[in-house]
file my_file05.cif (mmCIF, C-alpha atoms)
data_model
loop_
_atom_site.label_atom_id
_atom_site.label_comp_id
_atom_site.auth_asym_id
_atom_site.auth_seq_id
_atom_site.Cartn_x
_atom_site.Cartn_y
_atom_site.Cartn_z
CA PHE C 918 8.58 7.52 -22.58
CA VAL C 919 11.36 5.31 -23.94
CA GLY C 920 14.69 6.85 -23.04
CA PRO C 921 17.97 6.56 -24.98
CA ASN C 922 21.32 5.85 -23.32
CA SER C 923 21.40 9.37 -21.91
CA ALA C 924 18.84 10.42 -19.33
CA THR C 925 15.28 11.38 -20.22
CA ILE C 926 13.72 14.05 -18.00
CA VAL C 927 9.93 14.32 -17.71
CA ASP C 928 9.22 17.37 -15.53
CA ASN C 929 6.72 20.18 -14.90
CA ASN C 930 3.83 18.62 -16.84
CA THR C 931 0.15 18.60 -15.82
CA ILE C 932 -2.13 15.77 -16.93
CA SER C 933 -5.67 16.60 -15.86
CA ASN C 934 -9.29 17.28 -16.81
CA ILE C 935 -9.68 13.89 -18.49
CA THR C 936 -12.72 11.64 -18.62
CA TRP C 937 -12.15 8.48 -20.62
CA GLU C 938 -14.64 5.68 -21.11
CA ASN C 939 -13.91 2.34 -22.75
CA SER C 940 -16.63 -0.14 -23.62
CA SER C 941 -14.30 -3.06 -22.87
CA ASN C 942 -11.54 -3.74 -20.36
CA ALA C 943 -8.63 -1.34 -20.68
CA THR C 944 -5.70 0.39 -18.98
CA PHE C 945 -5.19 4.12 -18.45
CA THR C 946 -1.69 5.46 -17.62
CA GLY C 947 -0.66 9.02 -16.82
CA ILE C 948 3.13 8.67 -17.34
CA ALA C 949 4.99 5.51 -18.38
CA ALA C 950 8.76 4.91 -18.24
CA LEU C 951 9.72 1.94 -20.39
CA ARG C 952 13.45 2.03 -21.18
CA GLY C 953 16.64 3.92 -20.34
CA LYS C 954 17.60 6.18 -17.45
CA VAL C 955 14.54 8.31 -16.67
CA TYR C 956 13.77 11.17 -14.28
CA ILE C 957 10.00 11.37 -13.72
CA GLY C 958 9.88 14.69 -11.95
CA SER C 959 13.01 16.67 -11.23
CA THR C 960 13.03 20.32 -10.16
CA ASN C 961 9.25 20.81 -10.17
CA GLY C 962 7.66 17.41 -10.63
CA ASN C 963 4.56 16.50 -12.60
CA ILE C 964 0.89 16.73 -11.63
CA ILE C 965 -1.23 13.76 -12.62
CA GLY C 966 -4.79 14.63 -11.74
CA SER C 967 -5.07 17.43 -9.17
CA ALA C 968 -3.10 18.55 -6.14
CA THR C 969 -6.22 19.33 -4.11
CA GLY C 970 -9.42 18.20 -5.83
CA THR C 971 -11.15 14.99 -6.90
CA ASN C 972 -12.18 13.45 -10.23
CA ALA C 973 -9.56 15.32 -12.23
CA ILE C 974 -8.98 12.07 -14.13
CA THR C 975 -11.96 9.72 -14.39
CA PHE C 976 -11.51 6.35 -16.07
CA LYS C 977 -14.63 4.30 -16.85
CA SER C 978 -14.51 0.71 -18.10
CA GLY C 979 -17.44 -1.33 -19.30
CA GLY C 980 -16.06 -4.72 -20.21
CA THR C 981 -16.57 -8.15 -18.71
CA THR C 982 -13.03 -8.30 -17.34
CA ASN C 983 -11.05 -6.11 -14.94
CA SER C 984 -9.28 -2.83 -15.73
CA THR C 985 -6.49 -0.73 -14.19
CA LEU C 986 -5.60 2.94 -13.79
CA TYR C 987 -1.92 3.83 -13.25
CA GLY C 988 -0.77 7.30 -12.29
CA ILE C 989 2.90 6.49 -13.03
CA PHE C 990 3.91 3.15 -14.56
CA ILE C 991 7.57 2.00 -14.53
CA ASN C 992 8.84 -0.94 -16.58
CA GLU C 993 12.56 -0.30 -16.54
CA TYR C 994 15.80 -2.28 -16.26
CA ASP C 995 18.09 0.75 -15.91
CA SER C 996 17.53 3.57 -13.39
CA VAL C 997 14.38 5.53 -12.62
CA PHE C 998 14.16 8.54 -10.31
CA CYS C 999 10.54 9.40 -9.51
CA ARG C 1000 10.62 12.66 -7.53
CA ASN C 1001 8.37 15.54 -6.47
CA ASN C 1002 5.29 14.38 -8.37
CA ILE C 1003 1.63 14.76 -7.37
CA VAL C 1004 -0.68 11.85 -8.19
CA SER C 1005 -4.18 12.60 -6.93
CA GLY C 1006 -7.72 13.37 -8.02
CA LEU C 1007 -8.04 9.94 -9.67
CA THR C 1008 -11.34 8.06 -9.92
CA SER C 1009 -12.00 4.70 -11.56
CA GLN C 1010 -15.43 3.29 -12.37
CA THR C 1011 -16.91 0.19 -13.93
CA LEU C 1012 -20.20 0.05 -15.76
CA ASN C 1013 -20.66 -3.49 -14.44
CA ALA C 1014 -20.50 -3.73 -10.63
CA LEU C 1015 -19.18 -7.31 -10.79
CA TYR C 1016 -15.79 -6.20 -12.08
CA ALA C 1017 -12.79 -4.36 -10.69
CA ASN C 1018 -11.05 -1.21 -11.84
CA SER C 1019 -7.90 -1.10 -9.70
CA ILE C 1020 -5.74 1.99 -9.10
CA TYR C 1021 -1.99 2.23 -8.51
CA GLY C 1022 -0.59 5.69 -7.82
CA ILE C 1023 3.03 4.74 -8.65
CA PHE C 1024 3.72 1.22 -9.94
CA LYS C 1025 6.95 -0.69 -10.73
CA GLN C 1026 6.46 -3.75 -12.94
CA ILE C 1027 7.00 -7.25 -11.59
CA ASN C 1028 10.36 -9.03 -12.08
CA VAL C 1029 12.04 -5.93 -13.54
CA THR C 1030 15.53 -5.27 -12.15
CA GLY C 1031 17.31 -1.92 -11.95
CA TYR C 1032 17.69 1.02 -9.56
CA LEU C 1033 14.51 2.75 -8.41
CA GLU C 1034 14.08 5.85 -6.29
CA ILE C 1035 10.57 7.06 -5.37
CA SER C 1036 10.93 10.14 -3.20
CA ASN C 1037 9.07 13.29 -2.14
CA ASN C 1038 5.90 12.43 -4.04
CA GLN C 1039 2.34 13.22 -3.00
CA VAL C 1040 -0.11 10.38 -3.69
CA GLY C 1041 -3.58 11.49 -2.73
CA SER C 1042 -4.34 14.78 -0.99
CA GLU C 1043 -6.21 16.32 1.93
CA ALA C 1044 -9.48 15.89 0.01
CA ALA C 1045 -11.61 12.92 1.03
CA ASN C 1046 -11.53 10.13 -1.59
CA SER C 1047 -8.75 11.92 -3.45
CA ILE C 1048 -7.99 8.54 -5.03
CA LEU C 1049 -11.15 6.47 -5.41
CA ALA C 1050 -11.84 3.10 -7.01
CA SER C 1051 -15.61 3.42 -7.02
CA SER C 1052 -16.60 0.00 -8.39
CA LEU C 1053 -18.40 -2.28 -5.93
CA SER C 1054 -16.34 -5.09 -7.48
CA SER C 1055 -18.63 -7.70 -5.99
CA SER C 1056 -17.03 -10.72 -7.68
CA ASN C 1057 -13.46 -9.65 -8.50
CA LYS C 1058 -10.34 -8.53 -6.64
CA GLN C 1059 -9.98 -4.75 -6.71
CA ILE C 1060 -6.66 -3.31 -5.49
CA VAL C 1061 -5.93 0.31 -4.63
CA SER C 1062 -2.35 1.15 -3.68
CA GLY C 1063 -0.43 4.36 -3.27
CA ILE C 1064 2.96 2.87 -4.24
CA TRP C 1065 3.42 -0.71 -5.48
CA VAL C 1066 6.90 -2.05 -6.31
CA SER C 1067 7.58 -5.56 -7.61
CA GLY C 1068 10.98 -4.80 -9.14
CA THR C 1069 13.80 -7.15 -8.14
CA GLY C 1070 16.55 -4.52 -8.05
CA ASN C 1071 17.40 -1.85 -5.46
CA ASN C 1072 14.31 0.10 -4.38
CA PHE C 1073 14.37 3.31 -2.32
CA ILE C 1074 10.97 4.69 -1.24
CA ASN C 1075 11.44 7.79 0.90
CA ASN C 1076 9.60 10.90 2.12
CA ASN C 1077 6.35 10.29 0.26
CA SER C 1078 2.88 11.33 1.43
CA ILE C 1079 0.04 8.85 0.80
CA LYS C 1080 -3.40 9.79 2.07
CA ASN C 1081 -7.17 9.72 1.57
CA ILE C 1082 -7.26 6.63 -0.63
CA THR C 1083 -10.52 4.67 -0.87
CA ASN C 1084 -11.37 1.28 -2.30
CA ALA C 1085 -15.17 1.34 -2.53
CA THR C 1086 -15.59 -2.40 -3.00
CA THR C 1087 -18.25 -3.85 -0.72
CA SER C 1088 -17.79 -7.44 -1.81
CA SER C 1089 -19.49 -9.84 0.58
CA THR C 1090 -17.45 -12.80 -0.71
CA VAL C 1091 -14.72 -13.45 1.87
CA SER C 1092 -12.37 -15.06 -0.68
CA VAL C 1093 -12.41 -12.03 -3.00
CA ASN C 1094 -9.26 -10.39 -1.65
CA GLY C 1095 -9.85 -6.77 -2.54
CA CYS C 1096 -7.53 -4.48 -0.59
CA VAL C 1097 -6.17 -0.99 -0.05
CA ASN C 1098 -2.44 -0.51 0.66
CA GLY C 1099 -0.20 2.46 1.29
CA ILE C 1100 3.17 1.00 0.16
CA THR C 1101 3.70 -2.54 -1.10
CA VAL C 1102 7.09 -4.04 -2.00
CA THR C 1103 7.09 -7.67 -3.16
CA ALA C 1104 10.70 -8.16 -4.32
CA GLY C 1105 14.18 -6.72 -4.30
CA THR C 1106 16.28 -4.88 -1.75
CA CYS C 1107 14.41 -1.95 -0.29
CA ILE C 1108 14.67 1.01 2.04
CA ILE C 1109 11.27 2.43 3.00
CA ALA C 1110 11.87 5.53 5.09
CA SER C 1111 10.07 8.62 6.43
CA ASN C 1112 6.82 8.13 4.54
CA LEU C 1113 3.47 9.41 5.79
CA ILE C 1114 0.53 7.04 5.21
CA SER C 1115 -2.96 7.95 6.42
CA SER C 1116 -6.68 7.59 5.76
CA LEU C 1117 -6.88 4.35 3.79
CA LYS C 1118 -10.47 3.02 3.62
CA ILE C 1119 -12.38 -0.04 2.45
CA SER C 1120 -15.64 -1.82 3.36
CA ASN C 1121 -15.52 -5.42 2.18
CA LYS C 1122 -15.50 -8.88 3.79
CA ASN C 1123 -12.06 -10.01 2.60
CA THR C 1124 -10.66 -12.52 5.10
CA GLY C 1125 -7.27 -12.94 3.41
CA ILE C 1126 -4.17 -12.82 5.62
CA ASN C 1127 -0.63 -11.46 5.27
CA ALA C 1128 -0.22 -9.80 1.86
CA LEU C 1129 -3.90 -10.47 1.08
CA SER C 1130 -5.14 -8.55 4.11
CA SER C 1131 -7.91 -6.03 3.54
CA VAL C 1132 -5.93 -2.96 4.66
CA ILE C 1133 -2.13 -2.63 5.02
CA GLY C 1134 -0.08 0.48 5.67
CA ILE C 1135 3.28 -0.98 4.53
CA SER C 1136 3.65 -4.51 3.14
CA ALA C 1137 7.21 -5.80 2.59
CA SER C 1138 7.58 -9.34 1.29
CA GLY C 1139 9.98 -11.37 -0.83
CA THR C 1140 12.72 -13.34 0.88
CA ALA C 1141 15.59 -12.83 -1.57
CA ALA C 1142 16.95 -9.49 -0.33
CA SER C 1143 17.39 -7.38 2.79
CA LYS C 1144 14.94 -4.66 3.80
CA THR C 1145 14.92 -1.58 6.03
CA ILE C 1146 11.68 0.07 7.15
CA THR C 1147 12.33 3.13 9.27
CA ALA C 1148 10.71 6.33 10.56
CA ASN C 1149 7.38 5.91 8.77
CA THR C 1150 4.09 7.24 10.19
CA ILE C 1151 0.97 5.13 9.59
CA SER C 1152 -2.47 6.13 10.87
CA ASN C 1153 -6.23 5.97 10.27
CA LEU C 1154 -6.52 2.68 8.38
CA SER C 1155 -10.06 1.32 8.37
CA ASN C 1156 -12.54 -1.30 7.21
CA ASP C 1157 -16.06 -0.32 8.24
CA ASN C 1158 -17.96 -3.42 7.11
CA THR C 1159 -20.20 -4.40 10.03
CA THR C 1160 -19.33 -8.12 9.84
CA PHE C 1161 -15.70 -7.83 8.71
CA ALA C 1162 -13.67 -10.83 9.93
CA GLY C 1163 -10.36 -10.18 8.18
CA SER C 1164 -7.18 -8.25 9.02
CA ILE C 1165 -5.93 -4.68 9.20
CA VAL C 1166 -2.13 -4.38 9.43
CA GLY C 1167 0.09 -1.38 10.09
CA ILE C 1168 3.34 -3.00 8.89
CA LEU C 1169 3.50 -6.52 7.43
CA PHE C 1170 7.01 -7.98 7.20
CA LEU C 1171 8.08 -11.15 5.40
CA GLY C 1172 11.82 -10.85 5.11
CA SER C 1173 15.00 -12.65 4.16
CA THR C 1174 17.63 -14.44 6.21
CA GLY C 1175 19.94 -11.48 5.58
CA VAL C 1176 20.05 -8.34 7.71
CA ASN C 1177 16.68 -6.59 8.05
CA ILE C 1178 15.69 -3.59 10.17
CA VAL C 1179 12.27 -2.30 11.20
CA GLU C 1180 12.70 0.70 13.49
CA LYS C 1181 11.36 4.07 14.62
CA ASN C 1182 7.95 3.65 12.97
CA PHE C 1183 4.78 5.14 14.46
CA ILE C 1184 1.54 3.19 13.96
CA SER C 1185 -1.82 4.32 15.34
CA ASP C 1186 -5.58 4.47 14.82
CA LEU C 1187 -6.24 1.21 12.96
CA LYS C 1188 -10.01 0.77 12.98
CA VAL C 1189 -12.85 -1.63 12.30
CA ASN C 1190 -16.58 -1.07 12.63
CA ALA C 1191 -17.63 -1.07 16.29
CA ALA C 1192 -20.14 -3.84 15.58
CA THR C 1193 -17.68 -6.39 14.25
CA THR C 1194 -16.31 -9.04 16.64
CA ALA C 1195 -14.21 -11.37 14.47
CA ALA C 1196 -11.61 -9.10 12.86
CA SER C 1197 -7.91 -8.85 13.81
CA VAL C 1198 -5.94 -5.61 14.01
CA PHE C 1199 -2.13 -5.83 13.92
CA GLY C 1200 0.31 -3.00 14.55
CA LEU C 1201 3.36 -5.03 13.46
CA ARG C 1202 2.73 -8.44 11.89
CA ILE C 1203 6.07 -10.30 11.81
CA MET C 1204 6.03 -13.42 9.64
CA SER C 1205 9.60 -14.25 8.56
CA GLY C 1206 13.16 -13.01 8.29
CA ASN C 1207 16.25 -12.29 10.37
CA THR C 1208 15.07 -8.91 11.60
CA THR C 1209 15.61 -6.36 14.36
CA TYR C 1210 12.48 -4.49 15.51
CA SER C 1211 13.34 -1.55 17.75
CA ASN C 1212 12.06 1.85 18.88
CA ASN C 1213 8.69 1.48 17.16
CA ILE C 1214 5.58 3.07 18.66
CA VAL C 1215 2.26 1.24 18.26
CA SER C 1216 -1.03 2.55 19.66
CA LEU C 1217 -4.22 0.50 19.13
CA GLY C 1218 -7.67 0.51 20.68
CA GLY C 1219 -10.87 2.46 21.02
CA ASN C 1220 -14.46 1.27 21.12
CA THR C 1221 -13.90 -2.15 19.57
CA LYS C 1222 -14.94 -5.75 20.13
CA THR C 1223 -12.23 -7.30 17.98
CA ASN C 1224 -8.75 -8.80 18.50
CA LEU C 1225 -5.85 -6.38 18.91
CA TYR C 1226 -2.16 -7.29 18.49
CA GLY C 1227 0.43 -4.60 19.08
CA VAL C 1228 3.24 -6.86 17.83
CA TYR C 1229 2.41 -10.29 16.41
CA ILE C 1230 5.34 -12.69 15.93
CA SER C 1231 5.10 -15.88 13.91
CA CYS C 1232 7.07 -18.79 15.34
CA ALA C 1233 8.03 -20.12 11.92
CA ALA C 1234 11.44 -21.78 11.72
CA ASN C 1235 12.89 -19.00 9.53
CA ASN C 1236 11.66 -16.16 11.74
CA ASN C 1237 14.52 -14.87 13.89
CA SER C 1238 13.08 -11.73 15.46
CA TYR C 1239 14.87 -9.39 17.86
CA VAL C 1240 12.22 -7.15 19.43
CA TYR C 1241 13.28 -4.51 21.94
CA ASN C 1242 12.75 -0.87 23.05
CA ASN C 1243 9.32 -0.66 21.42
CA SER C 1244 6.41 1.26 22.95
CA ILE C 1245 3.11 -0.63 22.66
CA SER C 1246 -0.17 0.88 23.88
CA ILE C 1247 -3.52 -0.97 23.90
CA TYR C 1248 -6.36 1.21 25.14
CA GLY C 1249 -10.14 1.46 25.30
CA THR C 1250 -12.78 -1.20 25.98
CA VAL C 1251 -12.90 -4.70 24.54
CA ALA C 1252 -16.59 -5.38 24.93
CA ALA C 1253 -16.76 -9.06 23.93
CA SER C 1254 -15.24 -11.55 26.35
CA THR C 1255 -14.13 -13.88 23.56
CA ASN C 1256 -11.87 -11.22 22.04
CA LYS C 1257 -8.36 -10.50 23.25
CA SER C 1258 -5.77 -7.74 23.28
CA TYR C 1259 -2.02 -8.34 23.24
CA ALA C 1260 0.84 -5.90 23.40
CA LEU C 1261 3.20 -8.69 22.26
CA TYR C 1262 1.93 -12.01 20.90
CA ASN C 1263 4.14 -15.01 20.09
CA ALA C 1264 2.21 -17.37 17.84
CA THR C 1265 2.63 -21.14 17.72
CA ASN C 1266 3.24 -23.16 14.58
#

call {"tool": "encode", "arguments": {"input": "my_file05.cif", "output": "structure tokens"}}
result
Amino acid sequence: FVGPNSATIVDNNTISNITWENSSNATFTGIAALRGKVYIGSTNGNIIGSATGTNAITFKSGGTTNSTLYGIFINEYDSVFCRNNIVSGLTSQTLNALYANSIYGIFKQINVTGYLEISNNQVGSEAANSILASSLSSSNKQIVSGIWVSGTGNNFINNNSIKNITNATTSSTVSVNGCVNGITVTAGTCIIASNLISSLKISNKNTGINALSSVIGISASGTAASKTITANTISNLSNDNTTFAGSIVGILFLGSTGVNIVEKNFISDLKVNAATTAASVFGLRIMSGNTTYSNNIVSLGGNTKTNLYGVYISCAANNNSYVYNNSISIYGTVAASTNKSYALYNATN
């Protein structure tokens, strides 16, 4: 949709029961907002896929390069209000297991300014694998994300539900940084509030760190603008590869020297395979920014042999962290003596 100067409203539509196969690389998009002031969902919202089932939209690519499926794609310099939509029942496939077919539930294009509100949307459902990138993607980076925002304007991401999202890549190449994320913001001012993120799964050997980590609940990066992350619930994030040596992160924060706030978030049940001994699990991973972290609850543990960090703080020169009134719980048995558990960890440069 390309809107005129007045607002364009896209509401109460259902896009479903689609199987599309392309012999080459391609892109499939449910709804696209390209220009003007646009409301994607208003009174009722749109359904892209299915509210409860799986495979309502199946996108198959067969080329020798990577492909992408977008539920909602936003490339807009004005204002976009994305409200009350359901994006679920999406499956991507590749006919060549070497290549990736990534999925983004709601996506805002990189380096595009403007006002963006993403609120009260359902991305994924109660059904297992309600959003599934099924390619093994053995040699290429496959990304699956509920909400991904790279716009440099003002971004508000509130009261969304993101659940049962699976990246089926089993790549054994540690430098192939395939990942699954709940919410990712890479630029702009943002408020990320009162979102529910649960049941994100992957099974690869990605050893990337920070924004390249294998599983992240909320990733906020970009140092040009202030950020607030508040009252989000993040649970059941997992990588079940038996020799996984990478990272799972509840909230990753790389912020600005302005005023940033991370507060009142609840993070629990971040899991790796019980056999793995070299992975790292982070409730809060604090890398940069002038930021206050308060009244967060982090609960990590279980039958694991890996490293657990309730709150991990980088000691970089531009990291001014104020951490207080947080509740950190580390529980269960750490079976390998070389592995460690920390409620609060201050790293060295």

call {"tool": "closest_residue", "arguments": {"input": "my_file05.cif", "among": "C:Gly1249, C:Gly1134, C:Gly947, C:Gly1172", "to": "C:Gly1200", "atoms": "only C-alpha atoms"}}
result
C:Gly1134

call {"tool": "resolve_selection", "arguments": {"input": "my_file05.cif", "expression": "the PyMOL selection byres ((chain C and resi 1077-1082) around 6)", "output": "list in words"}}
result
Ser1036, Asn1037, Asn1038, Gln1039, Val1040, Gly1041, Ser1042, Ala1045, Asn1046, Ser1047, Ile1048, Asn1075, Asn1076, Thr1083, Asn1112, Leu1113, Ile1114, Ser1115, Ser1116 and Leu1117 of chain C

call {"tool": "atom_distance", "arguments": {"input": "my_file05.cif", "atom1": "atom CA of C:Ile1100", "atom2": "atom CA of C:Ser978"}}
result
25.4 Å

call {"tool": "atom_distance", "arguments": {"input": "my_file05.cif", "atom1": "atom CA of C:Ala1233", "atom2": "atom CA of C:Leu1171"}}
result
11.1 Å

call {"tool": "residues_around", "arguments": {"input": "my_file05.cif", "residues": "C:Leu1053", "least_positions_apart": "4", "cutoff": "7 Å", "atoms": "only C-alpha atoms", "output": "JSON, numbers by chain"}}
result
{"C": [1014, 1085, 1086, 1087, 1088]}

call {"tool": "resolve_selection", "arguments": {"input": "my_file05.cif", "expression": "the PyMOL selection byres ((chain C and resi 927) around 9)", "output": "ChimeraX atom specification"}}
result
/C:918,925-926,928-930,948,955-959,962-963

call {"tool": "residues_near_point", "arguments": {"input": "my_file05.cif", "point": "(15.4, -8.4, 11.0)", "cutoff": "7 Å", "atoms": "all atoms listed in the file", "output": "count of residues only"}}
result
11

call {"tool": "closest_residue", "arguments": {"input": "my_file05.cif", "among": "C:Thr969, C:Ser1197, C:Ser1173, C:Ser1155", "to": "C:Ser1185", "atoms": "all atoms listed in the file"}}
result
C:Ser1155

call {"tool": "atom_distance", "arguments": {"input": "my_file05.cif", "atom1": "atom CA of C:Glu938", "atom2": "atom CA of C:Asn1057"}}
result
19.9 Å

call {"tool": "closest_residue", "arguments": {"input": "my_file05.cif", "among": "C:Ser1164, C:Thr960, C:Ser1054, C:Thr936", "to": "C:Thr1194", "atoms": "all atoms listed in the file"}}
result
C:Ser1164

call {"tool": "residues_around", "arguments": {"input": "my_file05.cif", "residues": "C:Tyr1248", "least_positions_apart": "2", "cutoff": "7 Å", "atoms": "all atoms listed in the file", "output": "list in words"}}
result
Leu1217, Gly1218, Gly1219, Ser1246 and Thr1250 of chain C

call {"tool": "residues_around", "arguments": {"input": "my_file05.cif", "residues": "C:Thr982", "least_positions_apart": "6", "cutoff": "10 Å", "atoms": "only C-alpha atoms", "output": "PyMOL selection string"}}
result
chain C and resi 941-943+1011+1013+1015-1018+1057

call {"tool": "resolve_selection", "arguments": {"input": "my_file05.cif", "expression": "the PyMOL selection byres ((chain C and resi 1009) around 10)", "output": "PyMOL selection string"}}
result
chain C and resi 936-938+945+972+974-978+984-986+1007-1008+1010-1011+1017-1020+1048-1052+1084

call {"tool": "closest_residue", "arguments": {"input": "my_file05.cif", "among": "C:Gly1099, C:Gly1070, C:Gly970, C:Gly979", "to": "C:Ile1023", "atoms": "all atoms listed in the file"}}
result
C:Gly1099

call {"tool": "residues_around", "arguments": {"input": "my_file05.cif", "residues": "C:Ile965", "least_positions_apart": "6", "cutoff": "7 Å", "atoms": "all atoms listed in the file", "output": "ChimeraX atom specification"}}
result
/C:931-933,947,988,1003-1005

call {"tool": "residues_near_point", "arguments": {"input": "my_file05.cif", "point": "(13.9, 3.6, 17.5)", "cutoff": "12 Å", "atoms": "only C-alpha atoms", "output": "ChimeraX atom specification"}}
result
/C:1146-1149,1178-1183,1209-1215,1240-1244

call {"tool": "write_last_selection", "arguments": {"input": "my_file05.cif", "atoms": "C-alpha atoms", "output": "PDB file, keeping the file's coordinate frame"}}
result
ATOM      1  CA  ILE C1146      11.680   0.070   7.150  1.00  0.00           C
ATOM      2  CA  THR C1147      12.330   3.130   9.270  1.00  0.00           C
ATOM      3  CA  ALA C1148      10.710   6.330  10.560  1.00  0.00           C
ATOM      4  CA  ASN C1149       7.380   5.910   8.770  1.00  0.00           C
ATOM      5  CA  ILE C1178      15.690  -3.590  10.170  1.00  0.00           C
ATOM      6  CA  VAL C1179      12.270  -2.300  11.200  1.00  0.00           C
ATOM      7  CA  GLU C1180      12.700   0.700  13.490  1.00  0.00           C
ATOM      8  CA  LYS C1181      11.360   4.070  14.620  1.00  0.00           C
ATOM      9  CA  ASN C1182       7.950   3.650  12.970  1.00  0.00           C
ATOM     10  CA  PHE C1183       4.780   5.140  14.460  1.00  0.00           C
ATOM     11  CA  THR C1209      15.610  -6.360  14.360  1.00  0.00           C
ATOM     12  CA  TYR C1210      12.480  -4.490  15.510  1.00  0.00           C
ATOM     13  CA  SER C1211      13.340  -1.550  17.750  1.00  0.00           C
ATOM     14  CA  ASN C1212      12.060   1.850  18.880  1.00  0.00           C
ATOM     15  CA  ASN C1213       8.690   1.480  17.160  1.00  0.00           C
ATOM     16  CA  ILE C1214       5.580   3.070  18.660  1.00  0.00           C
ATOM     17  CA  VAL C1215       2.260   1.240  18.260  1.00  0.00           C
ATOM     18  CA  VAL C1240      12.220  -7.150  19.430  1.00  0.00           C
ATOM     19  CA  TYR C1241      13.280  -4.510  21.940  1.00  0.00           C
ATOM     20  CA  ASN C1242      12.750  -0.870  23.050  1.00  0.00           C
ATOM     21  CA  ASN C1243       9.320  -0.660  21.420  1.00  0.00           C
ATOM     22  CA  SER C1244       6.410   1.260  22.950  1.00  0.00           C
TER      23      SER C1244
END

call {"tool": "closest_residue", "arguments": {"input": "my_file05.cif", "among": "C:Gly1068, C:Gly1006, C:Gly953, C:Gly1163", "to": "C:Ser1089", "atoms": "only C-alpha atoms"}}
result
C:Gly1163

call {"tool": "axis_aligned_box", "arguments": {"input": "my_file05.cif", "around": "stretch 1255-1261 of chain C", "padding_each_side": "4 Å", "output": "AutoDock Vina command-line options"}}
result
--center_x -5.5 --center_y -9.9 --center_z 22.8 --size_x 25.3 --size_y 16.0 --size_z 9.5

call {"tool": "decode", "arguments": {"input": "my_file05.cif", "residues": "stretch 1180-1191 of chain C", "atoms": "N, CA, C and O atoms", "output": "PDB file, in the first residue's frame"}}
result
ATOM      1  N   GLU C1180      13.650  -1.611  33.208  1.00  0.00           N
ATOM      2  CA  GLU C1180      13.035  -1.816  34.519  1.00  0.00           C
ATOM      3  C   GLU C1180      11.820  -2.730  34.445  1.00  0.00           C
ATOM      4  O   GLU C1180      11.171  -2.864  33.403  1.00  0.00           O
ATOM      5  N   LYS C1181      11.543  -3.399  35.553  1.00  0.00           N
ATOM      6  CA  LYS C1181      10.309  -4.151  35.777  1.00  0.00           C
ATOM      7  C   LYS C1181      10.089  -5.275  34.765  1.00  0.00           C
ATOM      8  O   LYS C1181       8.952  -5.664  34.476  1.00  0.00           O
ATOM      9  N   ASN C1182      11.181  -5.817  34.212  1.00  0.00           N
ATOM     10  CA  ASN C1182      11.073  -6.933  33.291  1.00  0.00           C
ATOM     11  C   ASN C1182      11.202  -8.251  34.052  1.00  0.00           C
ATOM     12  O   ASN C1182      11.904  -8.340  35.057  1.00  0.00           O
ATOM     13  N   PHE C1183      10.544  -9.289  33.558  1.00  0.00           N
ATOM     14  CA  PHE C1183      10.602 -10.615  34.165  1.00  0.00           C
ATOM     15  C   PHE C1183      11.177 -11.588  33.150  1.00  0.00           C
ATOM     16  O   PHE C1183      10.613 -11.775  32.066  1.00  0.00           O
ATOM     17  N   ILE C1184      12.318 -12.205  33.500  1.00  0.00           N
ATOM     18  CA  ILE C1184      13.040 -13.098  32.596  1.00  0.00           C
ATOM     19  C   ILE C1184      13.218 -14.442  33.294  1.00  0.00           C
ATOM     20  O   ILE C1184      13.759 -14.500  34.400  1.00  0.00           O
ATOM     21  N   SER C1185      12.800 -15.528  32.637  1.00  0.00           N
ATOM     22  CA  SER C1185      12.922 -16.842  33.260  1.00  0.00           C
ATOM     23  C   SER C1185      13.012 -17.931  32.203  1.00  0.00           C
ATOM     24  O   SER C1185      12.653 -17.734  31.038  1.00  0.00           O
ATOM     25  N   ASP C1186      13.499 -19.103  32.638  1.00  0.00           N
ATOM     26  CA  ASP C1186      13.443 -20.331  31.851  1.00  0.00           C
ATOM     27  C   ASP C1186      14.191 -20.192  30.520  1.00  0.00           C
ATOM     28  O   ASP C1186      13.632 -20.433  29.448  1.00  0.00           O
ATOM     29  N   LEU C1187      15.448 -19.790  30.592  1.00  0.00           N
ATOM     30  CA  LEU C1187      16.324 -19.772  29.420  1.00  0.00           C
ATOM     31  C   LEU C1187      17.125 -21.066  29.444  1.00  0.00           C
ATOM     32  O   LEU C1187      17.816 -21.356  30.413  1.00  0.00           O
ATOM     33  N   LYS C1188      17.075 -21.850  28.356  1.00  0.00           N
ATOM     34  CA  LYS C1188      17.520 -23.235  28.441  1.00  0.00           C
ATOM     35  C   LYS C1188      18.491 -23.619  27.327  1.00  0.00           C
ATOM     36  O   LYS C1188      18.352 -23.177  26.186  1.00  0.00           O
ATOM     37  N   VAL C1189      19.445 -24.490  27.692  1.00  0.00           N
ATOM     38  CA  VAL C1189      20.268 -25.189  26.726  1.00  0.00           C
ATOM     39  C   VAL C1189      20.130 -26.685  26.979  1.00  0.00           C
ATOM     40  O   VAL C1189      19.614 -27.106  28.023  1.00  0.00           O
ATOM     41  N   ASN C1190      20.591 -27.482  26.033  1.00  0.00           N
ATOM     42  CA  ASN C1190      20.569 -28.930  26.205  1.00  0.00           C
ATOM     43  C   ASN C1190      21.374 -29.326  27.439  1.00  0.00           C
ATOM     44  O   ASN C1190      22.438 -28.771  27.707  1.00  0.00           O
ATOM     45  N   ALA C1191      20.865 -30.280  28.213  1.00  0.00           N
ATOM     46  CA  ALA C1191      21.526 -30.680  29.455  1.00  0.00           C
ATOM     47  C   ALA C1191      22.932 -31.227  29.227  1.00  0.00           C
ATOM     48  O   ALA C1191      23.753 -31.239  30.145  1.00  0.00           O
TER      49      ALA C1191
END
